[in-house]
$ cat query.txt   # compact mmCIF, C-alpha atoms
# COMPACT_ATOMS: atom_id res chain seq x y z
CA ALA A 1 0.00 0.00 0.00
CA LEU A 2 2.83 2.39 0.85
CA MET A 3 4.51 1.82 -2.52
CA VAL A 4 1.23 2.59 -4.31
CA LEU A 5 0.95 5.89 -2.42
CA VAL A 6 4.57 6.75 -3.28
CA LEU A 7 3.88 6.07 -6.97
CA ALA A 8 0.79 8.25 -6.88
CA ILE A 9 2.70 11.08 -5.18
CA VAL A 10 5.59 10.83 -7.65
CA TRP A 11 3.24 10.97 -10.63
CA ALA A 12 1.08 13.79 -9.23
CA SER A 13 4.10 15.87 -8.18
CA SER A 14 5.77 15.49 -11.57
CA GLN A 15 2.63 16.81 -13.23
CA VAL A 16 1.85 19.61 -10.78
CA PHE A 17 5.20 21.11 -9.77
CA VAL A 18 6.42 22.20 -13.20
CA THR A 19 6.11 26.00 -13.18
CA ARG A 20 8.04 28.66 -11.31
CA PHE A 21 5.04 29.62 -9.19
CA ARG A 22 4.31 26.04 -8.13
CA ILE A 23 7.94 25.21 -7.34
CA GLY A 24 8.16 28.37 -5.23
CA LEU A 25 4.91 27.42 -3.51
CA LEU A 26 6.28 23.93 -2.86
CA LEU A 27 9.45 25.25 -1.22
CA ASN A 28 7.44 27.68 0.89
CA LEU A 29 4.94 25.06 2.05
CA ILE A 30 7.60 22.52 3.03
CA ALA A 31 9.79 25.10 4.78
CA VAL A 32 6.94 26.71 6.72
CA GLY A 33 5.21 23.42 7.52
CA VAL A 34 8.32 21.76 8.93
CA ALA A 35 9.30 24.96 10.76
CA CYS A 36 5.90 25.04 12.47
CA HIS A 37 6.37 21.44 13.53
CA ALA A 38 9.86 22.25 14.84
CA GLY A 39 8.47 25.19 16.81
CA TYR A 40 5.74 23.03 18.27
CA GLY A 41 8.25 20.31 19.18
CA VAL A 42 10.53 22.77 20.98
CA TYR A 43 7.53 24.25 22.78
CA ARG A 44 6.55 20.80 24.02
CA MET A 45 10.11 20.18 25.21
CA VAL A 46 9.94 23.38 27.25
CA ASN A 47 6.42 22.52 28.45
CA PRO A 48 6.25 18.69 28.56
CA ASP A 49 2.85 18.75 30.25
CA VAL A 50 1.23 20.00 27.05
CA THR A 51 -0.52 17.24 25.10
CA LEU A 52 -1.74 16.95 21.51
CA PHE A 53 -5.00 15.02 21.08
CA GLY A 54 -4.32 13.38 24.43
CA VAL A 55 -0.85 12.11 23.39
CA GLU A 56 1.78 12.66 26.06
CA MET A 57 5.38 13.48 25.23
CA SER A 58 7.88 10.64 25.64
CA ALA A 59 11.63 10.76 26.21
CA GLY A 60 13.59 11.37 23.03
CA SER A 61 10.59 12.59 21.06
CA LEU A 62 10.02 15.85 19.21
CA GLY A 63 6.57 17.11 18.38
CA SER A 64 4.50 14.27 16.95
CA PHE A 65 7.58 12.08 16.33
CA ILE A 66 8.39 9.43 18.92
CA ASN A 67 11.92 8.83 17.63
CA ARG A 68 14.31 11.79 17.69
CA ASN A 69 16.25 10.52 14.66
CA ASN A 70 13.09 10.29 12.58
CA ALA A 71 12.21 13.82 13.62
CA ALA A 72 15.69 15.00 12.62
CA LEU A 73 15.18 13.78 9.05
CA ILE A 74 12.04 15.84 8.56
CA MET A 75 13.88 18.82 10.08
CA ASN A 76 16.53 18.32 7.41
CA HIS A 77 13.83 18.25 4.73
CA GLY A 78 12.51 21.55 6.03
CA LEU A 79 16.02 23.01 6.13
CA ALA A 80 16.58 21.85 2.55
CA ALA A 81 13.44 23.67 1.42
CA SER A 82 14.45 26.78 3.38
CA LEU A 83 17.92 26.86 1.81
CA GLY A 84 16.38 26.30 -1.61
CA LEU A 85 14.02 29.20 -1.01
CA LEU A 86 16.90 31.49 0.01
CA ALA A 87 19.04 30.37 -2.94
CA TRP A 88 16.17 31.05 -5.35
CA ARG A 89 15.57 34.56 -4.01
CA LEU A 90 19.30 35.35 -3.94
CA LYS A 91 19.76 34.49 -7.60
CA ALA A 92 16.55 36.29 -8.56
CA LEU A 93 17.70 39.46 -6.80
CA THR A 94 21.44 39.46 -7.49
CA GLY A 95 22.13 36.76 -10.09
CA SER A 96 24.55 35.13 -7.64
CA GLU A 97 24.51 31.35 -7.00
CA VAL A 98 25.34 30.02 -3.55
CA ASP A 99 27.20 27.00 -4.95
CA ASP A 100 29.29 29.04 -7.36
CA GLU A 101 33.00 29.52 -6.67
CA SER A 102 32.67 33.28 -7.12
CA PHE A 103 29.86 33.60 -4.55
CA GLU A 104 30.39 36.43 -2.07
CA PHE A 105 28.68 36.64 1.31
CA ASN A 106 28.08 40.35 0.77
CA ASP A 107 25.36 39.38 -1.72
CA LEU A 108 23.29 38.04 1.17
CA MET A 109 22.49 41.60 2.21
CA ALA A 110 20.11 41.77 -0.75
CA LEU A 111 17.83 39.31 1.04
CA MET A 112 17.16 41.67 3.95
CA ASN A 113 14.38 43.56 2.16
CA ASP A 114 12.76 40.53 0.53
CA ARG A 115 9.68 39.12 2.25
CA GLU A 116 10.04 35.56 0.98
CA SER A 117 13.70 35.54 1.95
CA MET A 118 12.82 36.54 5.50
CA LEU A 119 10.27 33.73 5.60
CA GLY A 120 12.90 31.26 4.41
CA LEU A 121 15.42 32.56 6.96
CA LEU A 122 12.94 32.23 9.82
CA ALA A 123 12.02 28.72 8.71
CA ALA A 124 15.70 27.75 8.48
CA VAL A 125 16.38 29.03 12.01
CA LEU A 126 13.41 27.10 13.43
CA CYS A 127 14.46 23.93 11.63
CA ILE A 128 18.04 24.24 12.93
CA VAL A 129 16.77 24.81 16.47
CA GLY A 130 14.52 21.76 16.18
CA LEU A 131 17.37 19.73 14.70
CA VAL A 132 19.74 20.58 17.55
CA THR A 133 17.28 20.28 20.41
CA CYS A 134 15.82 16.94 19.29
CA GLY A 135 19.11 15.32 20.36
CA SER A 136 19.91 13.42 17.16
CA ARG A 137 23.64 13.47 16.46
CA GLY A 138 23.03 11.64 13.19
CA GLY A 139 20.69 14.45 12.15
CA VAL A 140 23.31 17.12 12.90
CA ILE A 141 25.97 15.19 10.97
CA ALA A 142 23.52 14.82 8.07
CA CYS A 143 23.03 18.60 8.17
CA LEU A 144 26.78 19.12 7.78
CA VAL A 145 27.04 16.66 4.90
CA GLY A 146 23.93 18.04 3.18
CA SER A 147 25.20 21.61 3.50
CA SER A 148 28.60 20.70 2.06
CA LEU A 149 26.85 19.27 -1.02
CA ALA A 150 24.27 22.03 -1.35
CA PHE A 151 26.88 24.80 -1.26
CA GLY A 152 29.24 22.93 -3.56
CA TRP A 153 32.08 22.67 -1.03
CA THR A 154 32.54 18.93 -1.55
CA ARG A 155 30.58 18.51 -4.79
CA GLN A 156 32.84 20.82 -6.81
CA TYR A 157 36.60 20.67 -6.56
CA ARG A 158 37.94 24.10 -5.60
CA GLY A 159 41.51 23.28 -4.78
CA VAL A 160 42.67 23.85 -1.21
CA ARG A 161 39.30 25.23 -0.16
CA SER A 162 37.58 21.97 -1.07
CA LEU A 163 40.15 19.98 0.88
CA ILE A 164 39.65 22.25 3.89
CA ALA A 165 35.86 21.90 3.64
CA VAL A 166 36.06 18.10 3.42
CA GLY A 167 38.51 17.92 6.30
CA ALA A 168 36.42 20.21 8.50
CA THR A 169 33.27 18.18 7.75
CA VAL A 170 34.98 14.88 8.59
CA ILE A 171 36.45 16.26 11.82
CA ALA A 172 33.09 17.70 12.90
CA CYS A 173 31.36 14.37 12.19
CA VAL A 174 33.96 12.44 14.19
CA VAL A 175 33.68 14.85 17.12
CA LEU A 176 29.91 14.58 17.17
CA LEU A 177 30.10 10.79 17.10
CA VAL A 178 32.91 10.26 19.61
CA VAL A 179 33.08 13.18 22.05
CA PRO A 180 30.46 12.97 24.84
CA LEU A 181 28.24 16.02 24.86
CA ASN A 182 26.10 17.08 27.79
CA LEU A 183 24.82 20.58 27.19
CA ASP A 184 22.18 22.20 29.38
CA LEU A 185 20.52 25.47 28.42
CA LYS A 186 20.17 27.16 31.81
CA SER A 187 17.88 29.84 30.46
CA ILE A 188 15.28 27.29 29.34
CA GLN A 189 14.08 24.97 32.06
CA ARG A 190 13.70 21.26 31.32
CA LEU A 191 15.40 21.62 27.93
CA GLU A 192 18.50 19.40 27.55
CA MET A 193 20.40 18.81 24.34
CA MET A 194 22.28 15.72 23.27
CA SER A 195 22.95 13.54 26.30
CA GLU A 196 25.84 11.10 26.55
CA GLN A 197 23.47 8.21 25.85
CA ASP A 198 22.49 9.28 22.33
CA PHE A 199 24.54 6.58 20.63
CA GLN A 200 24.69 4.03 23.43
CA THR A 201 21.78 2.02 22.01
CA GLY A 202 23.69 -1.11 20.93
CA ARG A 203 23.30 -0.42 17.22
CA PHE A 204 27.02 -0.74 16.54
CA GLU A 205 27.17 -4.12 18.24
CA HIS A 206 24.06 -5.26 16.41
CA TRP A 207 25.21 -4.41 12.88
CA PRO A 208 27.45 -7.50 12.52
CA ASP A 209 24.34 -9.63 13.13
CA GLY A 210 22.54 -7.67 10.41
CA TRP A 211 25.46 -8.19 8.04
CA GLN A 212 25.48 -11.93 8.66
CA THR A 213 21.74 -11.99 8.00
CA ALA A 214 22.21 -10.13 4.73
CA MET A 215 24.88 -12.57 3.58
CA ALA A 216 22.61 -15.51 4.42
CA HIS A 217 19.74 -14.14 2.30
CA LEU A 218 21.63 -13.04 -0.82
CA PRO A 219 20.86 -12.26 -3.56
CA ALA A 220 17.12 -11.55 -3.22
CA GLY A 221 16.87 -10.75 0.48
CA SER A 222 14.50 -11.97 3.17
CA GLY A 223 11.49 -9.92 2.02
CA MET A 224 10.08 -6.50 2.76
CA GLY A 225 9.31 -5.85 6.41
CA THR A 226 10.92 -9.06 7.70
CA TYR A 227 14.07 -7.70 9.33
CA ALA A 228 12.78 -8.06 12.90
CA TYR A 229 12.47 -11.82 12.40
CA ALA A 230 15.14 -12.50 9.77
CA TYR A 231 18.09 -11.52 11.98
CA LEU A 232 17.07 -13.64 14.98
CA PRO A 233 18.60 -16.95 13.73
CA HIS A 234 21.89 -15.11 13.15
CA GLN A 235 21.95 -13.17 16.41
CA GLU A 236 25.22 -13.24 18.32
CA TYR A 237 25.02 -9.92 20.15
CA MET A 238 22.77 -10.43 23.16
CA SER A 239 20.65 -7.39 23.88
CA SER A 240 17.63 -6.70 26.03
CA SER A 241 16.09 -4.94 23.03
CA TRP A 242 14.43 -6.56 20.04
CA PHE A 243 15.71 -4.79 16.91
CA HIS A 244 12.65 -4.24 14.76
CA HIS A 245 14.95 -2.21 12.50
CA ALA A 246 18.69 -2.25 11.93
CA ASP A 247 19.15 1.45 12.77
CA ASN A 248 20.87 1.54 9.38
CA LEU A 249 18.48 1.76 6.46
CA TRP A 250 21.06 0.66 3.90
CA LEU A 251 21.91 -2.47 5.90
CA GLU A 252 18.21 -3.18 6.42
CA LEU A 253 17.60 -2.73 2.70
CA LEU A 254 20.36 -5.21 1.93
CA VAL A 255 18.85 -7.74 4.35
CA GLU A 256 15.27 -7.42 3.11
CA GLN A 257 15.72 -6.71 -0.59
CA GLY A 258 19.21 -8.05 -1.25
CA LEU A 259 21.29 -6.89 -4.18
CA VAL A 260 18.16 -6.02 -6.17
CA GLY A 261 17.11 -3.41 -3.61
CA ILE A 262 20.60 -1.95 -3.36
CA ILE A 263 20.95 -1.70 -7.15
CA LEU A 264 17.55 -0.02 -7.51
CA THR A 265 18.36 2.45 -4.74
CA LEU A 266 21.73 3.31 -6.26
CA ALA A 267 20.04 3.75 -9.64
CA LEU A 268 17.52 6.19 -8.14
CA LEU A 269 20.31 8.18 -6.46
CA VAL A 270 22.30 8.32 -9.72
CA ILE A 271 19.22 9.44 -11.66
CA PHE A 272 18.45 12.11 -9.05
CA GLY A 273 22.05 13.32 -9.12
CA ARG A 274 22.08 13.51 -12.94
CA MET A 275 18.87 15.53 -12.85
CA LEU A 276 20.38 18.01 -10.41
CA ILE A 277 23.54 18.30 -12.53
CA LYS A 278 21.44 18.94 -15.62
CA MET A 279 19.58 21.71 -13.81
CA GLU A 280 22.88 23.63 -13.53
CA LEU A 281 22.35 24.54 -17.21
CA SER A 282 19.11 26.34 -16.43
CA PRO A 283 19.31 30.13 -15.99
CA ASP A 284 16.02 30.18 -14.07
CA PRO A 285 16.52 31.18 -10.39
CA ILE A 286 13.79 28.76 -9.26
CA ASP A 287 15.76 25.85 -10.74
CA HIS A 288 18.82 26.97 -8.80
CA GLY A 289 16.80 26.94 -5.58
CA LEU A 290 15.38 23.49 -6.31
CA ARG A 291 18.87 22.22 -7.17
CA VAL A 292 20.34 23.47 -3.88
CA ALA A 293 17.47 21.87 -1.95
CA GLY A 294 17.89 18.63 -3.91
CA TRP A 295 21.61 18.32 -3.20
CA TYR A 296 20.97 18.96 0.48
CA VAL A 297 18.33 16.20 0.54
CA VAL A 298 20.73 13.75 -1.16
CA GLY A 299 23.49 14.38 1.37
CA ALA A 300 21.18 14.40 4.40
CA ILE A 301 19.42 11.16 3.46
CA ALA A 302 22.59 9.31 2.46
CA MET A 303 24.31 10.22 5.73
CA SER A 304 21.46 10.08 8.25
CA GLN A 305 20.21 6.69 7.13
CA LEU A 306 23.56 5.14 8.04
CA VAL A 307 22.42 5.37 11.67
CA ASP A 308 18.65 5.50 11.32
CA PHE A 309 15.63 4.31 9.34
CA GLY A 310 13.58 7.52 9.21
CA LEU A 311 13.06 7.34 5.45
CA ILE A 312 10.70 4.40 6.02
CA LEU A 313 8.22 6.75 7.69
CA PRO A 314 5.60 8.09 5.23
CA ALA A 315 6.16 11.70 6.28
CA ASN A 316 9.83 11.59 5.27
CA LEU A 317 9.40 9.23 2.32
CA PHE A 318 6.67 11.38 0.77
CA LEU A 319 8.72 14.57 1.08
CA ALA A 320 11.74 12.92 -0.53
CA SER A 321 9.50 11.62 -3.33
CA VAL A 322 8.10 15.10 -3.98
CA PHE A 323 11.61 16.60 -4.19
CA MET A 324 12.69 13.90 -6.65
CA ALA A 325 9.58 14.17 -8.83
CA ALA A 326 9.75 17.97 -9.00
CA SER A 327 13.43 17.80 -9.96
CA LEU A 328 12.64 15.26 -12.68
CA ALA A 329 9.94 17.47 -14.14
CA ARG A 330 12.07 20.63 -14.11
CA SER A 331 15.27 19.04 -15.38
CA SER A 332 13.48 17.40 -18.31
CA ALA A 333 12.96 20.76 -20.01
CA THR A 334 15.99 22.85 -19.16
CA GLY A 335 16.20 25.83 -21.48
CA VAL A 336 12.56 26.89 -21.78
CA GLU A 337 12.67 29.49 -19.00
CA SER A 338 12.11 32.41 -21.36
CA MET A 339 8.50 31.34 -21.75
CA ASP A 340 5.73 32.23 -19.36
CA ASP A 341 4.38 29.71 -16.88
CA GLU A 342 1.59 28.43 -19.14
CA GLU A 343 3.90 27.76 -22.09
CA THR A 344 6.52 26.28 -19.78
CA GLU A 345 3.98 23.89 -18.31
CA LEU A 346 3.08 22.59 -21.78
CA VAL A 347 6.71 22.04 -22.73
CA TYR A 348 7.55 20.39 -19.43
CA SER A 349 4.56 18.08 -19.71
CA SER A 350 5.43 16.96 -23.25
CA ARG A 351 9.17 16.53 -22.70
CA SER A 352 8.90 14.83 -19.35
CA ALA A 353 6.08 12.44 -20.27
CA PHE A 354 8.34 9.67 -21.52
CA ALA A 355 10.82 9.95 -18.63
CA ILE A 356 8.12 10.16 -15.99
CA ASN A 357 6.07 7.30 -17.39
CA GLY A 358 9.20 5.20 -17.71
CA ALA A 359 10.18 5.90 -14.11
CA VAL A 360 6.69 5.15 -12.85
CA ALA A 361 6.58 1.94 -14.88
CA GLY A 362 9.92 0.89 -13.43
CA LEU A 363 8.72 1.55 -9.91
CA VAL A 364 5.49 -0.38 -10.55
CA ILE A 365 7.49 -3.37 -11.82
CA ALA A 366 9.83 -3.13 -8.82
CA ALA A 367 6.88 -2.93 -6.43
CA ALA A 368 5.26 -5.94 -8.05
CA LEU A 369 8.46 -7.97 -7.82
CA LEU A 370 8.91 -7.02 -4.19
CA ALA A 371 5.32 -7.94 -3.40
CA MET A 372 5.72 -11.30 -5.12
CA HIS A 373 8.95 -11.95 -3.21
CA GLN A 374 7.32 -11.03 0.09
$ encode --input "query.txt" --output "structure tokens"
Amino acid sequence: ALMVLVLAIVWASSQVFVTRFRIGLLLNLIAVGVACHAGYGVYRMVNPDVTLFGVEMSAGSLGSFINRNNAALIMNHGLAASLGLLAWRLKALTGSEVDDESFEFNDLMALMNDRESMLGLLAAVLCIVGLVTCGSRGGVIACLVGSSLAFGWTRQYRGVRSLIAVGATVIACVVLLVVPLNLDLKSIQRLEMMSEQDFQTGRFEHWPDGWQTAMAHLPAGSGMGTYAYAYLPHQEYMSSSWFHHADNLWLELLVEQGLVGIILTLALLVIFGRMLIKMELSPDPIDHGLRVAGWYVVGAIAMSQLVDFGLILPANLFLASVFMAASLARSSATGVESMDDEETELVYSSRSAFAINGAVAGLVIAAALLAMHQ
């Protein structure tokens, strides 16, 4: 059922989000929506007695999310949309691109008098606050990796500056993973960030069991949704917890879907990356904003899912699907930006029909094969 919904969202998004106005509306809605959720989550952390529809707040949760790592992924989606919104407005106002080597920070002053830019900035701040206070180190590391891709620091070789950016990102990731953090904001009662127990969940000790399970079920995997039972015969690490998930989506994908699932996932990432690269040829500012958001999403998902499984949740999966479908629709007709929105929509629809239908057909076939295997 979930795969059918994803297919419907991919198809609908590729048909709807094809014009400048609709892409701008998409970035605004995602940024503001996630920012509101982040604000609500922080408010509930400050006032834990507040309930939503009778649901009490649990330890490690943020807003309506029970798992802090799952919440961090949607915060990263909101931050991606916010950065895309700011990048779009910056290029529209100054012609400067944030991932260009000649970008100067002085150009950011042009955003001060732009209403949509202020909205994007506010949303970005709220998403960052939610990301930090939710206590997910994996989410913070994903933010660093996503930012390095979005701003072109690691995606484009710029000599010594690229090496410095890569080195700084790696060092920051290692520090966040290894160094115990115990920060307490004295000015906000009952709000504590990132305790020492964030990564003491046994996931590292459990991964060898997951790897042995994957090797035992090659090449087709154990079947979708079977990880919680498939690893039990291969369990060597004794834990008081039952691992319903591997806390590593790529390992879980290898266990359940085998080499087929890994190959399909890599193919989707390559296709998404090629679409974003193709969008670099577009002079339209909205395409620049969507490209920046897309690169951030790629980096954040690839990194965060090494220590989490948040992409399985519909909220995160649907947002990632919308980003991918919108990028597919826009990249399929690069070079028609001189037309108005109505003419652009016609060209996008005709040029992207074959690619979109082919992608949907491939996903339908993949879903059918997975269902048969399950």
$ closest_residue --input "query.txt" --among "A:Pro208, A:Gly130, A:Gly146, A:Pro314" --to "Val298 of chain A" --atoms "only C-alpha atoms"
A:Gly146
$ atom_distance --input "query.txt" --atom1 "atom CA of Ala35 of chain A" --atom2 "atom CA of Ala123 of chain A"
5.1 Å
$ atom_distance --input "query.txt" --atom1 "atom CA of Ser64 of chain A" --atom2 "atom CA of His37 of chain A"
8.2 Å
$ atom_distance --input "query.txt" --atom1 "atom CA of Leu311 of chain A" --atom2 "atom CA of Trp242 of chain A"
20.2 Å
$ residues_around --input "query.txt" --residues "Trp88 of chain A" --least-positions-apart "6" --cutoff "7 Å" --atoms "only C-alpha atoms" --output "PyMOL selection string"
chain A and resi 285-286+288-289
$ residues_around --input "query.txt" --residues "Leu276 of chain A" --least-positions-apart "5" --cutoff "8 Å" --atoms "all atoms listed in the file" --output "ChimeraX atom specification"
/A:291,294-295,327,331
$ closest_residue --input "query.txt" --among "A:Val125, A:Ile312, A:Leu232, A:Val132" --to "Leu62 of chain A" --atoms "all atoms listed in the file"
A:Val132
$ residues_around --input "query.txt" --residues "Thr94 of chain A" --least-positions-apart "4" --cutoff "9 Å" --atoms "all atoms listed in the file" --output "compact mmCIF listing (two decimals) with C-alpha atoms, in the frame of the given file"
# COMPACT_ATOMS: atom_id res chain seq x y z
CA ARG A 89 15.57 34.56 -4.01
CA LEU A 90 19.30 35.35 -3.94
CA ASP A 107 25.36 39.38 -1.72
CA LEU A 108 23.29 38.04 1.17
CA ALA A 110 20.11 41.77 -0.75
$ residues_around --input "query.txt" --residues "segment 72-77 of chain A" --least-positions-apart "5" --cutoff "6 Å" --atoms "all atoms listed in the file" --output "PyMOL selection string"
chain A and resi 127+131+139+316
$ residues_near_point --input "query.txt" --point "(13.2, 23.4, 2.1)" --cutoff "12 Å" --atoms "all atoms listed in the file" --output "VMD selection string"
chain A and resid 23 to 35 74 to 88 119 to 128 150 289 to 297 319 to 320 322 to 323
